[in-house]
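Encoded as structure tokens, the structure appears first; notes follow it.
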Amino acid sequence: MELANFLEILNKLWDFANNYTSYFNNPALFLETIKSMDKSFLFEQQDNYKLYSLYDKDNMLAPVNFVRYIILNKILSDKEITIEMIEELKENILQKNKGFFKEYPNHLLALENLVVEKIEAGRNKKVKVFRSYKNNFRILYQIHYNKYKEKFISDLESIATFLRNDVLNLKERLKFKIVSFSGSSYLGLHYCWIVLFPSNISSHMNSYQMFFRIKPGEKGFPPKSIHYGLRKGSNVIDEENFGKLQFQEIDNFNYDNFKQDLQNISTKLWEKNQKVKLKKRMIGTPNKVSDLVEEDEDIEIKVEETEDIVPLNQILYGPPGTGKTYNSINLAVKIVDPDFLGESREDLLRRYGELTDINQIGFITFHQSYSYEDFIEGLRYDEEKGIPIPTAGVFLLFIQNAKKNPEKKYVLIIDEINRGKMSKIFGELITCIEEDKRLGGENQVPITLPYSKEKISVPNNVYIIGTMNSTDRSIALLDIALRRRFQFVKLYPDHELLKKELINKELDSGFVNNFIFIFKILNERIEVLLDKDHTIGHSFFLKMKNPRDLYKIWYNQIIPLLEEYFYNDWEKLQLLLGKYKKEEQKLGKGFIKTKDIDKKSLFEEFFEDFDLYEVEDYEGMEDDFIEILENTFIKKK
């Protein structure tokens with residue numbers, strides 16, 4: 001990047017920061033700005049906030065998004081809307097005033113289910129909805145920010161790259177983290193910032209860092225300036241105060257002085273990070289993000305201590321298709337590289353591949369034949385020596401690598417962890433994986449391996465993530481000693497997630513809404529006839545684009561799975577999928593029908609008659625398949 005481009009971006013970001021500062025102090029001005037925005041963009045936002053103003057999962061109102069939806073509805077209908085009216089809206093939601101919302105009948109039941117006051121996590125204190133939205137800048141901010149979000153992020157990344165590569169010439173040695181005007185909690189800020197820190201340190205929170213901020217109007221700084229200096233991460237222990245920042249005025253920018261300042265800061269950065277001391281790790285604390293805020297429908301949560309409170313051993317379990325393997329990959333990347341800034345699934349998988357290539361993430365699948373020798377160590381015949389020699393297995397190699405690089409984190413994903421005989425596979429190391437018995441732990445227990453006689457302990461930078469299918473009641477069969485060493489995270493079908501993903505693919509909203517309703521009824525029926533552990537996961541349908549795709553998924557994946565669940569129990573299958581009837585609707589309804597076969601003509605001997613069943617195919621009706629499902633699962637008047 002040229003210096004002129006750098007200054008151009010700085011000016012643009014500073015202008016936005018200055019505007020947001022004005023809006024923060026005067027939300028009424030912000031409301032007028034939003035009213036003047038492009039109408040097509042506002043209509044798009046209105047559709048989004050209408051969709052996200054309800055929690056599908058619990059039929060509960062998402063209050064902040066509901067307020068945004070009403071604001072946009074008023075603007076686009078040329079009706080009056082003021083800051084005072086927004087305050088009135090918030091108060092009527094808190095009071096659950098049904099009369100006030102007669103214009104929005106679809107939201108009334110959800111309003112009833114809304115919990116307006118909750119116990120704050122970690123404190124014996126009640127907090128109300130809108131606690132974080134007392135300043136209406138925070139309500140309005142998100143609507144405006146959505147238009148510029150991608151540009152803000154791109155510009156900040158360009159600045160960070162320029163500082164690291166061009167000003168400091170430290171491309172390989174530094175990485176960066178950016179925080180746009182969204183802030184770390186997505187509530188909206190009137191400034192943005194960047195930190196640069198050594199590449200060999202997992203997170204900026206564990207590091208001394210070079211801090212760079214664009215923020216107007218702060219006391220002690222010229223109005224139009226940037227601020228920079230040395231700071232310490234939130235996990236760093238240091239009595240020295242690094243709060244004092246230097247500055248450069250944008251309109252009178254002196255590149256040579258700026259470059260010299262950053263190089264001086266860089267020198268001190270490396271010195272301080274040579275002897276960094278971190279706060280003690282919080283062992284065994286669950287990472288329950290939902291307990292940390294009173295509203296999470298539109299807040300991008302970034303818990304500052306996340307990497308320090310993720311359990312060392314955890315198992316993701318649930319019915320088929322609930323994203324256990326998918327989420328294990330997400331979680332592994334988050335643990336190993338908490339500052340990864342990828343925007344898409346493709347970016348994340350690319351990063352996952354990079355981390356597996358350097359053996360910081362491993363992936364294995366347990367099965368009935370998987371053994372201790374495969375996992376820990378065994379004897380392998382050495383043809384040159386003519387004798388069997390001890391050979392390290394997957395987990396032992398993982399431990400050995402982790403010990404060589406204690407500053408890095410290592411994650412081993414064990415897919416289908418319940419398919420192997422776990423007590424046999426882990427052997428004596430089942431003791432060593434417990435958090436307090438790991439290397440350096442309070443009750444550290446080194447184990448002597450039977451073949452190599454090597455003394456081994458599991459280090460604290462090794463994480464184990466297992467996945468487990470709940471349909472075979474695997475947890476109940478797990479050894480108690482194993483169960484208490486893992487934290488279990490249950491994953492259920494997520495109708496809300498599926499709806500958002502399908503809407504994002506620009507599928508017809510009517511098609512999506514009807515299908516989601518059918519999907520819910522299907523799982524409710526399964527829960528009644530079997531249990532919740534046999535419900536159908538959302539991931540089966542994520543690639544769906546139209547009724548024809550749904551037809552293929554239904555017959556190639558869902559029907560075979562249900563036939564396995566209800567093996568030879570056709571009566572329950574008929575209750576679940578409906579009795580086939582052609583005459584009631586042009587397209588028919590139901591999927592289980594009696595086979596038309598003359599049994600008496602097949603056998604000479606008389607026998608007690610009985611029905612044979614089969615699944616109706618509806619071949620040739622692929623385009624109308626959603627309507628067939630509606631006829632089957634939705635009672636029509």
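Labels used: A, B, ... for chains in the order of the structure tokens, numbers from 1 for residues in each chain, and numbers from 1 for ligands as shown.
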* Asked: What are the DSSP alpha helix (DSSP H) residues of region 155-365 of chain A, as a PyMOL selection string?
  -> chain A and resi 155-161+255-273+306-309+324-336+345-357
Counting only C-alpha atoms, which residues of region 33-143 of chain A sit at most 12 Å from some atom of region 504-509 of chain A, and what is each one's closest atom pair with its distance in Å to one decimal, listed by chain and rising residue number, as a Markdown table?
```
| residue | atom | partner | partner_atom | distance |
| --- | --- | --- | --- | --- |
| A:Asp47 | CA | A:Ser509 | CA | 10.2 |
| A:Asn48 | CA | A:Asn504 | CA | 9.9 |
| A:Lys50 | CA | A:Ser509 | CA | 11.8 |
| A:Leu51 | CA | A:Ser509 | CA | 9.6 |
```
Need to verify the contact set: region 628-633 of chain A, 9 Å, only C-alpha atoms, exclusion of same-chain residues closer than 6 positions in sequence. Can you return it as an mmCIF file with N, CA and C atoms, in the first residue's frame?
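Saved to selection_16.cif:
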```cif
data_model
loop_
_atom_site.group_PDB
_atom_site.id
_atom_site.type_symbol
_atom_site.label_atom_id
_atom_site.label_comp_id
_atom_site.auth_asym_id
_atom_site.auth_seq_id
_atom_site.Cartn_x
_atom_site.Cartn_y
_atom_site.Cartn_z
ATOM 1 N N ASN A 514 -42.501 -22.780 5.462
ATOM 2 C CA ASN A 514 -43.326 -23.989 5.472
ATOM 3 C C ASN A 514 -42.498 -25.215 5.811
ATOM 4 N N PHE A 515 -41.289 -25.293 5.225
ATOM 5 C CA PHE A 515 -40.457 -26.460 5.493
ATOM 6 C C PHE A 515 -40.016 -26.506 6.963
ATOM 7 N N PHE A 517 -41.537 -25.388 9.538
ATOM 8 C CA PHE A 517 -42.681 -25.812 10.346
ATOM 9 C C PHE A 517 -42.865 -27.332 10.259
ATOM 10 N N ILE A 518 -42.736 -27.883 9.056
ATOM 11 C CA ILE A 518 -42.842 -29.343 8.865
ATOM 12 C C ILE A 518 -41.719 -30.055 9.614
ATOM 13 N N ILE A 521 -42.484 -30.324 13.280
ATOM 14 C CA ILE A 521 -43.511 -31.332 13.571
ATOM 15 C C ILE A 521 -42.925 -32.738 13.468
ATOM 16 N N LEU A 522 -42.116 -32.974 12.435
ATOM 17 C CA LEU A 522 -41.464 -34.278 12.275
ATOM 18 C C LEU A 522 -40.677 -34.642 13.529
ATOM 19 N N LEU A 577 -45.168 -40.843 9.676
ATOM 20 C CA LEU A 577 -45.114 -40.342 8.300
ATOM 21 C C LEU A 577 -46.476 -40.296 7.618
ATOM 22 N N GLY A 578 -47.500 -40.720 8.303
ATOM 23 C CA GLY A 578 -48.845 -40.620 7.745
ATOM 24 C C GLY A 578 -49.224 -41.792 6.854
ATOM 25 N N LYS A 579 -50.492 -42.167 6.916
ATOM 26 C CA LYS A 579 -51.024 -43.223 6.065
ATOM 27 C C LYS A 579 -51.268 -42.660 4.669
ATOM 28 N N TYR A 580 -50.751 -43.362 3.679
ATOM 29 C CA TYR A 580 -50.860 -42.868 2.308
ATOM 30 C C TYR A 580 -52.312 -42.831 1.860
ATOM 31 N N GLN A 585 -56.373 -35.451 -1.680
ATOM 32 C CA GLN A 585 -55.755 -34.299 -2.331
ATOM 33 C C GLN A 585 -55.270 -34.738 -3.706
ATOM 34 N N LEU A 587 -52.498 -34.229 -4.906
ATOM 35 C CA LEU A 587 -51.121 -34.708 -4.780
ATOM 36 C C LEU A 587 -50.987 -35.852 -3.788
ATOM 37 N N GLY A 588 -52.024 -36.090 -3.003
ATOM 38 C CA GLY A 588 -51.950 -37.154 -2.019
ATOM 39 C C GLY A 588 -51.337 -36.697 -0.713
ATOM 40 N N LYS A 589 -51.361 -37.590 0.271
ATOM 41 C CA LYS A 589 -50.767 -37.315 1.579
ATOM 42 C C LYS A 589 -50.314 -38.624 2.197
ATOM 43 N N GLY A 590 -49.377 -38.557 3.126
ATOM 44 C CA GLY A 590 -48.886 -39.740 3.817
ATOM 45 C C GLY A 590 -47.869 -40.514 3.002
ATOM 46 N N PHE A 591 -47.053 -41.333 3.707
ATOM 47 C CA PHE A 591 -45.963 -42.040 3.037
ATOM 48 C C PHE A 591 -45.969 -43.552 3.253
ATOM 49 N N TYR A 618 -43.937 -41.282 -4.595
ATOM 50 C CA TYR A 618 -44.327 -39.998 -5.207
ATOM 51 C C TYR A 618 -43.412 -39.630 -6.381
ATOM 52 N N MET A 621 -43.344 -36.318 -8.910
ATOM 53 C CA MET A 621 -43.966 -35.172 -8.241
ATOM 54 C C MET A 621 -42.939 -34.356 -7.454
#
```
Contacts of Phe101 (chain A) within 10 Å, only C-alpha atoms, excl. fewer than 6 positions in-chain, as a tab-separated table (two decimals) with N, CA, C and O atoms, in the first residue's frame:
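In the end it all went to part-v3.tsv:
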```
chain	number	residue	atom	x	y	z
A	70	ILE	N	-39.61	-2.49	13.86
A	70	ILE	CA	-40.69	-1.50	13.94
A	70	ILE	C	-40.20	-0.13	13.44
A	70	ILE	O	-40.91	0.57	12.71
A	89	LEU	N	-41.55	2.40	22.80
A	89	LEU	CA	-41.54	1.02	22.32
A	89	LEU	C	-40.86	0.09	23.32
A	89	LEU	O	-41.39	-0.98	23.66
A	92	ASN	N	-42.97	-0.44	26.43
A	92	ASN	CA	-44.14	-1.30	26.20
A	92	ASN	C	-43.77	-2.77	26.05
A	92	ASN	O	-44.55	-3.65	26.39
A	93	ILE	N	-42.59	-3.04	25.53
A	93	ILE	CA	-42.11	-4.42	25.48
A	93	ILE	C	-41.84	-4.92	26.89
A	93	ILE	O	-42.22	-6.04	27.26
A	107	HIS	N	-46.35	-11.35	16.54
A	107	HIS	CA	-45.37	-11.22	17.62
A	107	HIS	C	-46.00	-11.27	19.02
A	107	HIS	O	-45.28	-11.27	20.01
A	108	LEU	N	-47.33	-11.32	19.07
A	108	LEU	CA	-47.99	-11.21	20.37
A	108	LEU	C	-47.69	-12.40	21.28
A	108	LEU	O	-47.37	-12.24	22.45
A	111	LEU	N	-44.26	-12.26	22.47
A	111	LEU	CA	-44.11	-11.24	23.51
A	111	LEU	C	-44.47	-11.81	24.88
A	111	LEU	O	-43.82	-11.52	25.88
```
* Got a sec: who's within 8 Å of region 139-152 of chain A, counting only C-alpha atoms, leaving out chain neighbours fewer than 5 positions off, as a VMD selection string? -> chain A and resid 13 27 30 to 31 34 41 45 64 67 to 68 133 180 to 182 187 to 188
* **Sel. of strand (DSSP E or B) residues, region 434-511 of chain A, as an MDAnalysis selection string** => chainID A and resid 447:448 455:456 462:469 487:490
* To do: Do a neighbour search on Ser225 (chain A) at 10 Å with only C-alpha atoms, toss out local chain neighbours closer than 5 positions, and write the hits as a list in words.
  =>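 In the requested format, the answer is Leu10, Asn11, Trp14, Arg213, Ile214, Lys215, Pro216, Gly217, Glu218, Gln246, Phe247, Gln248, Glu249, Ile250, Asp251, Asn252 and Phe253 of chain A.
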Could you list, as a compact mmCIF listing (two decimals) with C-alpha atoms, in the first residue's frame, every residue within 12 Å of Lys520 (chain A), counting only C-alpha atoms and ignoring same-chain residues fewer than 4 positions away?
```
# COMPACT_ATOMS: atom_id res chain seq x y z
CA ASP A 56 -37.96 -19.84 16.37
CA LYS A 57 -36.60 -22.29 18.90
CA ASP A 58 -38.66 -21.01 21.83
CA TYR A 492 -29.94 -30.82 19.24
CA PRO A 493 -31.57 -30.03 15.87
CA ASP A 494 -31.40 -26.26 15.43
CA HIS A 495 -34.43 -25.09 13.47
CA GLU A 496 -33.45 -21.44 13.81
CA LEU A 498 -31.39 -24.00 9.47
CA LYS A 499 -33.89 -21.25 8.72
CA ASN A 513 -41.07 -21.09 6.50
CA ASN A 514 -43.33 -23.99 5.47
CA PHE A 515 -40.46 -26.46 5.49
CA ILE A 516 -39.18 -25.34 8.91
CA GLU A 524 -41.86 -33.52 17.72
CA ARG A 525 -43.49 -36.74 16.48
CA ILE A 526 -40.16 -38.61 16.72
CA GLU A 527 -39.70 -37.34 20.29
CA THR A 535 -34.60 -36.58 16.24
CA ILE A 536 -33.40 -35.52 12.78
CA GLY A 537 -30.55 -33.02 12.65
CA HIS A 538 -30.60 -29.77 10.68
CA PHE A 633 -47.80 -32.88 8.47
CA ILE A 634 -50.04 -29.81 8.63
```
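For the choices A:Asp533, A:Asp611, A:Glu442, A:Glu2, the atom-to-atom distance to Thr322 (chain A) is smallest for A:Asp533 when using only C-alpha atoms.
With only C-alpha atoms as the atoms that count, the minimum distance from Tyr20 (chain A) to the choices A:Leu602, A:Leu189, A:Ile387, A:Ile315 is reached by A:Leu189.
Shortest separation to Phe6 (chain A) among A:Asn313, A:Leu61, A:Phe211, A:Tyr255 occurs at residue A:Tyr255, atoms counted being only C-alpha atoms.
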